[in-house]
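**Student:** Sharing run00.cif, mmCIF, C-alpha atoms:
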data_target
#
loop_
_atom_site.label_atom_id
_atom_site.label_comp_id
_atom_site.auth_asym_id
_atom_site.auth_seq_id
_atom_site.Cartn_x
_atom_site.Cartn_y
_atom_site.Cartn_z
CA MET A 4 0.00 0.00 0.00
CA VAL A 5 1.76 3.09 -1.21
CA LEU A 6 -1.11 5.46 -1.97
CA ASN A 7 -2.03 7.87 0.80
CA ARG A 8 -5.66 7.12 1.80
CA ASN A 9 -5.89 10.56 3.39
CA PHE A 10 -6.27 11.99 -0.10
CA THR A 11 -9.86 10.76 -0.25
CA GLY A 12 -12.04 13.85 -0.16
CA ARG A 13 -9.26 16.27 -0.98
CA SER A 14 -9.63 18.73 -3.81
CA HIS A 15 -7.36 20.87 -5.90
CA GLY A 16 -8.12 23.93 -7.96
CA PRO A 17 -9.50 25.79 -9.67
CA THR A 18 -6.45 25.62 -11.89
CA PRO A 19 -5.04 28.49 -13.90
CA VAL A 20 -7.03 29.29 -17.03
CA TYR A 21 -6.69 26.95 -20.03
CA GLU A 22 -7.24 28.92 -23.24
CA VAL A 23 -8.74 26.82 -26.03
CA SER A 24 -7.41 27.84 -29.43
CA ARG A 25 -8.46 26.87 -32.95
CA GLU A 26 -4.97 25.58 -33.62
CA LYS A 27 -4.89 23.36 -30.51
CA ILE A 28 -8.21 21.87 -31.52
CA ARG A 29 -6.82 21.31 -35.03
CA ASP A 30 -3.69 19.63 -33.60
CA TYR A 31 -5.77 17.41 -31.32
CA ALA A 32 -8.15 16.43 -34.13
CA ILE A 33 -5.24 15.54 -36.42
CA ALA A 34 -3.64 13.55 -33.60
CA THR A 35 -6.76 11.39 -33.33
CA GLY A 36 -7.09 11.07 -37.11
CA ASP A 37 -10.57 12.58 -36.94
CA LEU A 38 -10.88 15.44 -39.44
CA HIS A 39 -14.54 16.31 -38.93
CA PRO A 40 -14.97 19.79 -40.48
CA ALA A 41 -16.64 21.13 -37.31
CA TYR A 42 -13.19 20.86 -35.68
CA LEU A 43 -11.41 22.66 -38.50
CA ASP A 44 -13.68 25.06 -40.34
CA PRO A 45 -15.44 27.89 -38.47
CA ALA A 46 -18.02 28.21 -41.27
CA VAL A 47 -19.09 24.59 -40.84
CA ALA A 48 -19.18 24.97 -37.06
CA ARG A 49 -21.41 28.05 -37.39
CA GLN A 50 -23.78 26.16 -39.67
CA LEU A 51 -24.13 23.63 -36.87
CA GLY A 52 -24.95 26.45 -34.44
CA TYR A 53 -21.61 27.08 -32.71
CA ARG A 54 -19.80 30.39 -32.46
CA ASP A 55 -16.49 28.87 -33.63
CA VAL A 56 -14.88 25.47 -34.24
CA ILE A 57 -15.70 22.91 -31.56
CA ALA A 58 -13.36 20.43 -29.94
CA PRO A 59 -13.80 16.65 -30.25
CA PRO A 60 -15.74 15.20 -27.28
CA SER A 61 -12.56 13.55 -25.96
CA PHE A 62 -10.69 16.89 -25.90
CA ALA A 63 -11.71 17.55 -22.29
CA VAL A 64 -8.83 15.33 -21.13
CA MET A 65 -6.48 18.08 -22.30
CA LEU A 66 -7.03 19.77 -18.94
CA PHE A 67 -6.23 16.54 -17.13
CA PHE A 68 -2.94 16.28 -19.00
CA ARG A 69 -2.20 20.01 -18.87
CA PHE A 70 -2.58 20.30 -15.12
CA GLY A 71 -1.04 16.96 -14.22
CA GLY A 72 -4.19 15.32 -12.96
CA TRP A 73 -3.34 16.18 -9.40
CA PRO A 74 -2.58 14.15 -7.24
CA LEU A 75 -0.45 12.28 -9.83
CA TYR A 76 2.42 14.61 -9.11
CA ASP A 77 1.97 15.32 -5.41
CA PRO A 78 4.80 13.39 -3.68
CA GLU A 79 2.71 13.09 -0.52
CA PHE A 80 0.21 10.92 -2.41
CA GLY A 81 2.85 8.27 -3.03
CA LYS A 82 2.24 7.40 -6.66
CA LYS A 83 5.21 5.46 -8.01
CA LYS A 84 6.71 5.97 -11.42
CA ASP A 85 7.66 2.30 -11.66
CA PRO A 86 5.57 0.13 -11.65
CA VAL A 87 3.45 2.32 -13.83
CA CYS A 88 -0.06 3.61 -13.44
CA VAL A 89 -2.62 2.85 -16.14
CA HIS A 90 -6.03 4.24 -16.98
CA ARG A 91 -8.86 1.97 -15.85
CA ALA A 92 -12.05 3.90 -16.53
CA GLN A 93 -13.30 7.25 -17.73
CA ARG A 94 -16.57 9.11 -18.08
CA ALA A 95 -17.06 12.58 -19.53
CA THR A 96 -20.34 14.47 -19.36
CA HIS A 97 -20.68 17.67 -21.36
CA GLN A 98 -23.02 20.51 -20.49
CA ARG A 99 -22.01 21.93 -23.85
CA PRO A 100 -19.23 21.34 -26.39
CA ILE A 101 -15.85 23.01 -25.82
CA VAL A 102 -15.47 25.83 -28.38
CA ALA A 103 -12.40 27.69 -29.65
CA GLY A 104 -12.00 30.83 -27.58
CA ASP A 105 -13.20 29.14 -24.39
CA ARG A 106 -11.35 29.97 -21.19
CA LEU A 107 -11.58 26.97 -18.87
CA VAL A 108 -10.56 26.07 -15.34
CA GLN A 109 -10.59 22.66 -13.67
CA THR A 110 -11.18 21.56 -10.10
CA THR A 111 -10.21 18.01 -9.14
CA PHE A 112 -11.76 16.03 -6.30
CA VAL A 113 -10.48 12.65 -5.08
CA ASN A 114 -13.51 10.37 -4.67
CA GLU A 115 -11.77 7.31 -3.30
CA VAL A 116 -8.51 5.45 -2.96
CA VAL A 117 -8.95 1.66 -2.71
CA GLU A 118 -7.22 -1.67 -3.02
CA ARG A 119 -8.17 -3.91 -5.91
CA GLY A 120 -6.44 -7.27 -5.67
CA GLU A 121 -2.73 -6.71 -6.02
CA HIS A 122 -3.34 -3.21 -7.36
CA GLU A 123 -4.48 0.07 -5.91
CA GLN A 124 -6.72 2.50 -7.69
CA TRP A 125 -8.12 5.94 -7.19
CA THR A 126 -10.93 7.89 -8.78
CA MET A 127 -10.90 11.61 -9.46
CA THR A 128 -13.71 13.91 -10.56
CA HIS A 129 -12.55 16.86 -12.67
CA THR A 130 -15.08 19.66 -12.95
CA ILE A 131 -14.41 21.97 -15.89
CA THR A 132 -16.04 25.39 -15.93
CA THR A 133 -15.39 28.87 -17.22
CA PRO A 134 -13.68 31.22 -14.72
CA GLU A 135 -17.13 32.76 -14.21
CA GLY A 136 -18.49 29.36 -13.16
CA GLU A 137 -20.44 28.29 -16.23
CA PRO A 138 -20.45 24.45 -16.22
CA VAL A 139 -18.84 22.92 -19.32
CA CYS A 140 -17.82 19.33 -18.60
CA VAL A 141 -17.28 16.81 -15.81
CA VAL A 142 -14.66 14.09 -16.31
CA VAL A 143 -14.31 11.12 -13.96
CA ASN A 144 -11.04 9.19 -14.23
CA THR A 145 -10.04 5.98 -12.48
CA ILE A 146 -6.32 5.21 -12.44
CA VAL A 147 -4.71 1.92 -11.39
CA SER A 148 -1.37 1.75 -9.62
CA ARG A 149 -0.15 -1.66 -10.74
CA GLY A 150 1.05 -4.12 -8.15
CA THR A 151 1.40 -1.68 -5.25
CA ALA A 152 -1.37 -3.00 -3.00
CA HIS A 153 0.66 -5.09 -0.59
CA GLU A 154 4.21 -3.93 -0.42
CA PRO A 155 5.80 -0.61 -1.20
CA GLY A 156 8.27 -1.21 -3.99
CA SER A 157 6.82 -4.54 -5.07
CA THR A 158 7.28 -5.17 -8.77
CA ALA A 159 4.54 -5.13 -11.36
CA SER A 160 3.03 -8.41 -12.38
CA MET B 144 -26.56 20.92 -32.05
CA THR B 145 -27.75 19.63 -35.37
CA SER B 146 -27.90 15.87 -35.50
CA ARG B 147 -28.92 14.53 -38.91
CA ILE B 148 -30.42 11.47 -37.20
CA ARG B 149 -33.95 11.91 -35.90
CA TYR B 150 -34.91 10.56 -32.47
CA ALA B 151 -38.17 9.26 -33.95
CA ASP B 152 -36.28 7.25 -36.58
CA VAL B 153 -34.20 5.08 -34.24
CA GLN B 154 -35.17 2.16 -32.07
CA VAL B 155 -33.36 0.10 -29.49
CA GLY B 156 -31.05 -2.05 -31.61
CA THR B 157 -30.56 0.45 -34.45
CA PRO B 158 -26.99 -0.15 -35.64
CA ILE B 159 -24.35 2.57 -35.83
CA PRO B 160 -22.10 2.18 -38.89
CA GLU B 161 -18.96 0.25 -38.03
CA GLN B 162 -15.50 1.68 -38.74
CA THR B 163 -11.98 0.33 -38.55
CA PHE B 164 -9.13 2.58 -37.43
CA VAL B 165 -5.47 1.75 -37.88
CA LEU B 166 -2.99 2.85 -35.22
CA LYS B 167 0.72 2.80 -36.03
CA ARG B 168 3.62 3.97 -33.92
CA VAL B 169 3.61 7.38 -35.56
CA ASP B 170 -0.04 7.81 -34.59
CA LEU B 171 0.85 7.22 -30.94
CA LEU B 172 3.66 9.76 -31.16
CA ARG B 173 1.31 12.26 -32.77
CA TYR B 174 -1.23 11.66 -30.00
CA CYS B 175 1.46 12.07 -27.31
CA GLY B 176 2.11 15.53 -28.73
CA GLY B 177 -1.54 16.34 -29.38
CA CYS B 178 -2.71 15.55 -25.86
CA SER B 179 0.56 16.35 -24.01
CA ASP B 180 0.85 12.90 -22.39
CA PHE B 181 4.33 11.52 -22.92
CA THR B 182 4.06 8.50 -20.61
CA ALA B 183 6.85 6.22 -21.82
CA THR B 184 4.67 3.10 -22.24
CA HIS B 185 3.09 4.85 -25.24
CA TRP B 186 6.30 5.34 -27.18
CA ASN B 187 9.22 3.50 -25.56
CA GLU B 188 9.40 -0.26 -26.15
CA ARG B 189 12.14 -0.72 -23.54
CA VAL B 190 10.04 0.85 -20.78
CA ALA B 191 6.84 -0.90 -21.89
CA LYS B 192 8.49 -4.32 -21.67
CA ALA B 193 10.23 -3.49 -18.40
CA VAL B 194 6.83 -2.97 -16.72
CA GLY B 195 5.40 -6.21 -18.05
CA LEU B 196 3.62 -5.09 -21.21
CA PRO B 197 4.16 -7.00 -24.48
CA ASP B 198 5.11 -3.79 -26.30
CA VAL B 199 4.15 -0.13 -26.63
CA ILE B 200 0.41 0.43 -25.99
CA ALA B 201 -2.06 3.06 -27.19
CA HIS B 202 -3.44 5.68 -24.79
CA GLY B 203 -6.83 4.80 -23.34
CA THR B 204 -7.96 8.30 -24.20
CA LEU B 205 -7.04 7.70 -27.85
CA ILE B 206 -9.08 4.49 -27.89
CA ILE B 207 -12.03 6.46 -26.49
CA ALA B 208 -11.57 9.16 -29.13
CA GLU B 209 -11.78 6.52 -31.89
CA ALA B 210 -14.75 4.74 -30.30
CA VAL B 211 -16.78 7.93 -29.86
CA ARG B 212 -15.98 8.93 -33.41
CA ILE B 213 -18.38 6.40 -34.92
CA VAL B 214 -21.16 8.14 -32.97
CA SER B 215 -20.17 11.66 -34.02
CA ASP B 216 -19.80 10.54 -37.65
CA TRP B 217 -23.22 8.86 -37.45
CA VAL B 218 -25.03 11.98 -36.23
CA GLY B 219 -22.90 14.45 -38.22
CA ASP B 220 -22.37 16.84 -35.32
CA PRO B 221 -19.72 15.97 -32.70
CA GLY B 222 -21.30 18.52 -30.35
CA ALA B 223 -24.35 16.27 -30.09
CA VAL B 224 -22.31 13.75 -28.06
CA VAL B 225 -23.17 14.76 -24.51
CA GLU B 226 -21.56 11.91 -22.58
CA TYR B 227 -19.28 8.94 -23.04
CA SER B 228 -17.95 6.38 -20.64
CA VAL B 229 -15.72 3.36 -20.46
CA SER B 230 -16.03 1.13 -17.39
CA ARG B 231 -12.75 -0.69 -17.97
CA PHE B 232 -9.88 -0.76 -20.41
CA ALA B 233 -9.91 -4.56 -20.48
CA HIS B 234 -6.86 -5.29 -22.63
CA PRO B 235 -4.06 -2.98 -23.68
CA VAL B 236 -4.00 -2.12 -27.39
CA VAL B 237 -0.49 -3.15 -28.38
CA VAL B 238 0.99 -1.22 -31.29
CA PRO B 239 3.90 -3.07 -32.90
CA ASP B 240 6.80 -1.34 -34.60
CA ASP B 241 5.81 -2.35 -38.14
CA ASP B 242 3.89 -1.01 -41.14
CA VAL B 243 0.68 -2.80 -40.23
CA GLY B 244 -0.09 -1.34 -36.81
CA ALA B 245 -3.09 -2.22 -34.66
CA GLN B 246 -6.53 -2.44 -36.22
CA LEU B 247 -9.33 -1.10 -34.03
CA ARG B 248 -12.75 -2.24 -35.14
CA VAL B 249 -15.51 -0.16 -33.57
CA SER B 250 -19.17 -1.06 -33.83
CA GLY B 251 -22.24 0.11 -31.98
CA ARG B 252 -25.97 0.06 -31.62
CA VAL B 253 -28.64 2.03 -29.85
CA GLU B 254 -29.09 0.46 -26.43
CA GLN B 255 -31.67 2.74 -24.87
CA LYS B 256 -33.88 5.70 -25.73
CA LEU B 257 -33.88 8.40 -23.06
CA ASP B 258 -36.16 11.37 -22.64
CA ALA B 259 -35.15 14.72 -24.15
CA GLU B 260 -34.27 13.26 -27.56
CA CYS B 261 -31.17 11.49 -26.29
CA VAL B 262 -30.19 7.88 -26.90
CA VAL B 263 -27.56 5.67 -25.34
CA ALA B 264 -25.23 4.00 -27.85
CA ARG B 265 -23.42 0.89 -26.75
CA LEU B 266 -20.00 0.59 -28.38
CA SER B 267 -17.74 -2.39 -28.97
CA VAL B 268 -14.04 -2.00 -29.65
CA HIS B 269 -12.15 -5.04 -30.96
CA CYS B 270 -8.47 -5.38 -31.68
CA GLY B 271 -6.69 -8.58 -32.62
CA GLY B 272 -9.87 -10.62 -32.27
CA ARG B 273 -10.80 -9.59 -28.74
CA GLU B 274 -12.79 -6.90 -27.02
CA VAL B 275 -10.35 -4.36 -25.59
CA VAL B 276 -12.80 -2.05 -23.83
CA ALA B 277 -15.59 -3.03 -21.45
CA GLY B 278 -18.71 -0.97 -20.90
CA ALA B 279 -18.20 1.64 -23.62
CA ARG B 280 -21.23 3.85 -24.06
CA ALA B 281 -22.09 7.26 -25.44
CA VAL B 282 -25.14 9.45 -24.94
CA VAL B 283 -26.02 11.49 -28.00
CA ARG B 284 -28.75 14.09 -28.60
CA LEU B 285 -30.69 13.50 -31.78
CA ALA B 286 -32.87 15.85 -33.81
#
Kindly return the structure encoded in the file as structure tokens.
**Tutor:**
Amino acid sequence: MVLNRNFTGRSHGPTPVYEVSREKIRDYAIATGDLHPAYLDPAVARQLGYRDVIAPPSFAVMLFFRFGGWPLYDPEFGKKKDPVCVHRAQRATHQRPIVAGDRLVQTTFVNEVVERGEHEQWTMTHTITTPEGEPVCVVVNTIVSRGTAHEPGSTAS
Amino acid sequence: MTSRIRYADVQVGTPIPEQTFVLKRVDLLRYCGGCSDFTATHWNERVAKAVGLPDVIAHGTLIIAEAVRIVSDWVGDPGAVVEYSVSRFAHPVVVPDDDVGAQLRVSGRVEQKLDAECVVARLSVHCGGREVVAGARAVVRLA
């Protein structure tokens, strides 16, 4: 058991502002191989009723990666670099699509830290809003710390 | 939101057109840069094997992006996808260092009709003959 159970119930944020640009959306869309014109062409996005190009639904994880998905990088939490952590589950719920020009902030809450067989896992809820508090998206991530349930420093299976 | 699929025109069981996506090493590198996650198991064979994986594996978030894509392509408006979820990444998607890559076959069907013109799509993601994602679903708002 290496993960600090006291992190259950802790929260972090709101983060600094993440500015969503047309070019970042374009880069992300190309990186997923999905070239839907609503991601690339403002005229198409406007025809669909948006003020500018929209981001793919899976783009919301950008804030998770941008801000380090606290507590991944808090030494007090105890996450080990080796054996590695892997993604177990994810849910994203959008109040509206993310649009180029959006200014977003994220607050992360640790729901639980539990043992699962030889592994440990923890679940975080990331609430993404504008700085003014308009709800945009909620992402729930569950991450598995492989093979750390019983002994600190035990090797991955 | 402007779905081209009408709520009245779908039933439980309505299929969502299947697609196959090919992931090669360069695609993983591109996604590392695109999403800013440079975890070594997604690009470094030495590290992947050292932690017990057969080889470099695709990001779970990339698998989700591909799975949800069949829904956004079906309705024509990605903004109509209001929710997606994966209950478990069941098997890692291994991406070999060759010119063939990993083939992700994504299929889906309408599982449930909700109120407010939304439906739940159940998605299946297969790679190398087995299901790699458990409990993949998307909620989409139709016209």
**Student:** What's the 6 Å shell around Ala245 of chain B, counting only C-alpha atoms, without same-chain residues fewer than 3 positions away, as a PDB file with C-alpha atoms, in the coordinates of the input?
**Tutor:**
ATOM      1  CA  VAL B 165      -5.470   1.750 -37.880  1.00  0.00           C
ATOM      2  CA  LEU B 166      -2.990   2.850 -35.220  1.00  0.00           C
ATOM      3  CA  VAL B 238       0.990  -1.220 -31.290  1.00  0.00           C
TER       4      VAL B 238
END
**Student:** Pick out the chain A residues within 6 Å of chain B. Count only C-alpha atoms. Give them as an mmCIF file with C-alpha atoms, keeping the file's coordinate frame.
**Tutor:**
data_model
loop_
_atom_site.group_PDB
_atom_site.id
_atom_site.type_symbol
_atom_site.label_atom_id
_atom_site.label_comp_id
_atom_site.auth_asym_id
_atom_site.auth_seq_id
_atom_site.Cartn_x
_atom_site.Cartn_y
_atom_site.Cartn_z
ATOM 1 C CA ASP A 30 -3.690 19.630 -33.600
ATOM 2 C CA TYR A 31 -5.770 17.410 -31.320
ATOM 3 C CA ALA A 34 -3.640 13.550 -33.600
ATOM 4 C CA LEU A 51 -24.130 23.630 -36.870
ATOM 5 C CA SER A 61 -12.560 13.550 -25.960
ATOM 6 C CA MET A 65 -6.480 18.080 -22.300
ATOM 7 C CA ARG A 91 -8.860 1.970 -15.850
ATOM 8 C CA ALA A 92 -12.050 3.900 -16.530
ATOM 9 C CA GLN A 93 -13.300 7.250 -17.730
ATOM 10 C CA ARG A 94 -16.570 9.110 -18.080
ATOM 11 C CA ALA A 95 -17.060 12.580 -19.530
ATOM 12 C CA THR A 96 -20.340 14.470 -19.360
ATOM 13 C CA HIS A 97 -20.680 17.670 -21.360
ATOM 14 C CA PRO A 100 -19.230 21.340 -26.390
#
**Student:** What is the distance between atom CA of Ile101 of chain A and atom CA of Ile33 of chain A, in Å to one decimal?
**Tutor:** 16.8 Å
**Student:** Just want the 9 Å neighbourhood of Thr157 of chain B, counted on only C-alpha atoms, with same-chain residues fewer than 5 positions away dropped. Output as a list in words.
**Tutor:**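 Returned residues: Gly251, Arg252, Val253 and Glu254 of chain B.
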**Student:** Could those residues be written to a file, using C-alpha atoms, as a short mmCIF file (atom, residue, chain, number, x, y, z; two decimals), keeping the file's coordinate frame?
**Tutor:**
data_model
loop_
_atom_site.label_atom_id
_atom_site.label_comp_id
_atom_site.auth_asym_id
_atom_site.auth_seq_id
_atom_site.Cartn_x
_atom_site.Cartn_y
_atom_site.Cartn_z
CA GLY B 251 -22.24 0.11 -31.98
CA ARG B 252 -25.97 0.06 -31.62
CA VAL B 253 -28.64 2.03 -29.85
CA GLU B 254 -29.09 0.46 -26.43
#
**Student:** So the first atom is atom CA of Gly244 of chain B and the second is atom CA of Arg168 of chain B; what is the distance between them in Å, to one decimal place?
**Tutor:**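 Computing the Euclidean distance for atom CA of Gly244 of chain B and atom CA of Arg168 of chain B yields 7.1 Å.
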**Student:** Nearest residue to Arg248 of chain B out of B:Gln162, B:Arg265, B:Val199, B:Arg284, using only C-alpha atoms?
**Tutor:** B:Gln162
**Student:** For the structure provided, state which residues fall under the PyMOL selection byres ((chain B and resi 155) around 12), and present them as number ranges by chain.
**Tutor:** B: 150-154, 156-159, 251-257, 262-265
**Student:** Give me, as a ChimeraX atom specification, all polymer residues having an atom no more than 7 Å from segment 131-140 of chain A, counting all atoms listed in the file and skipping those fewer than 2 positions away in the same chain.
**Tutor:** /A:95-99,106-110,129,142
**Student:** Figure out the distance between atom CA of Ala63 of chain A and atom CA of Pro17 of chain A, please, to one decimal in Å.
**Tutor:**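 A separation of 15.2 Å between them.
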**Student:** Tyr42 of chain A: which residues within 9 Å, counting only C-alpha atoms, same-chain residues fewer than 4 positions away excluded, as a ChimeraX atom specification?
**Tutor:** /A:25,28-29,32,37-38,47-48,55-59 /B:221
**Student:** Can you tell me, as a short mmCIF file (atom, residue, chain, number, x, y, z; two decimals) with C-alpha atoms, in the coordinates of the input, what residues are no more than 9 Å from Ser24 of chain A when counting all atoms listed in the file, ignoring any on the same chain fewer than 6 positions away?
**Tutor:**
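Output saved as around_36.cif:
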data_model
loop_
_atom_site.label_atom_id
_atom_site.label_comp_id
_atom_site.auth_asym_id
_atom_site.auth_seq_id
_atom_site.Cartn_x
_atom_site.Cartn_y
_atom_site.Cartn_z
CA VAL A 102 -15.47 25.83 -28.38
CA ALA A 103 -12.40 27.69 -29.65
CA GLY A 104 -12.00 30.83 -27.58
CA ASP A 105 -13.20 29.14 -24.39
#
**Student:** Taking only C-alpha atoms into account, name the residue in B:Ile200, B:Val218, B:Leu247, B:Val236 that is nearest to His269 of chain B.
**Tutor:**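 Closest residue, counting only C-alpha atoms: B:Leu247.
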**Student:** Quick one: of B:His185, B:Pro160, B:Val249, B:Asp242, who's nearest to Cys270 of chain B, counting all atoms listed in the file?
**Tutor:**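 The shortest atom-to-atom distance to Cys270 of chain B comes from B:Val249.
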**Student:** Which is closest to Glu26 of chain A among A:Pro78, A:Thr11, A:Asp44, A:Gly72, if we use all atoms listed in the file?
**Tutor:**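 So, comparing all the options, the nearest one is A:Asp44.
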**Student:** Fix up segment 218-230 of chain B with N, CA, C and O atoms, then write it as a short mmCIF file (atom, residue, chain, number, x, y, z; two decimals), in the frame of the given file.
**Tutor:**
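Wrote part-v2.cif, looks like this:
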data_model
loop_
_atom_site.label_atom_id
_atom_site.label_comp_id
_atom_site.auth_asym_id
_atom_site.auth_seq_id
_atom_site.Cartn_x
_atom_site.Cartn_y
_atom_site.Cartn_z
N VAL B 218 -24.06 10.89 -36.38
CA VAL B 218 -25.03 11.98 -36.23
C VAL B 218 -24.61 13.23 -37.00
O VAL B 218 -25.42 14.13 -37.23
N GLY B 219 -23.34 13.32 -37.41
CA GLY B 219 -22.90 14.45 -38.22
C GLY B 219 -22.48 15.67 -37.45
O GLY B 219 -21.94 16.61 -38.04
N ASP B 220 -22.73 15.69 -36.14
CA ASP B 220 -22.37 16.84 -35.32
C ASP B 220 -21.72 16.34 -34.03
O ASP B 220 -22.41 15.82 -33.15
N PRO B 221 -20.39 16.48 -33.91
CA PRO B 221 -19.72 15.97 -32.70
C PRO B 221 -20.23 16.63 -31.42
O PRO B 221 -20.14 16.04 -30.34
N GLY B 222 -20.79 17.83 -31.54
CA GLY B 222 -21.30 18.52 -30.35
C GLY B 222 -22.56 17.87 -29.79
O GLY B 222 -23.00 18.20 -28.69
N ALA B 223 -23.14 16.96 -30.56
CA ALA B 223 -24.35 16.27 -30.09
C ALA B 223 -24.01 15.14 -29.12
O ALA B 223 -24.90 14.60 -28.47
N VAL B 224 -22.73 14.79 -29.01
CA VAL B 224 -22.31 13.75 -28.06
C VAL B 224 -22.22 14.41 -26.68
O VAL B 224 -21.35 15.25 -26.43
N VAL B 225 -23.13 14.08 -25.80
CA VAL B 225 -23.17 14.76 -24.51
C VAL B 225 -22.44 13.99 -23.41
O VAL B 225 -22.05 14.56 -22.40
N GLU B 226 -22.25 12.69 -23.61
CA GLU B 226 -21.56 11.91 -22.58
C GLU B 226 -20.94 10.67 -23.21
O GLU B 226 -21.47 10.13 -24.18
N TYR B 227 -19.80 10.25 -22.67
CA TYR B 227 -19.28 8.94 -23.04
C TYR B 227 -18.63 8.33 -21.81
O TYR B 227 -18.19 9.05 -20.91
N SER B 228 -18.58 7.02 -21.78
CA SER B 228 -17.95 6.38 -20.64
C SER B 228 -17.38 5.03 -21.03
O SER B 228 -17.85 4.37 -21.96
N VAL B 229 -16.34 4.66 -20.32
CA VAL B 229 -15.72 3.36 -20.46
C VAL B 229 -15.56 2.82 -19.05
O VAL B 229 -14.98 3.49 -18.19
N SER B 230 -16.12 1.62 -18.77
CA SER B 230 -16.03 1.13 -17.39
C SER B 230 -14.70 0.43 -17.12
O SER B 230 -14.26 0.34 -15.99
#
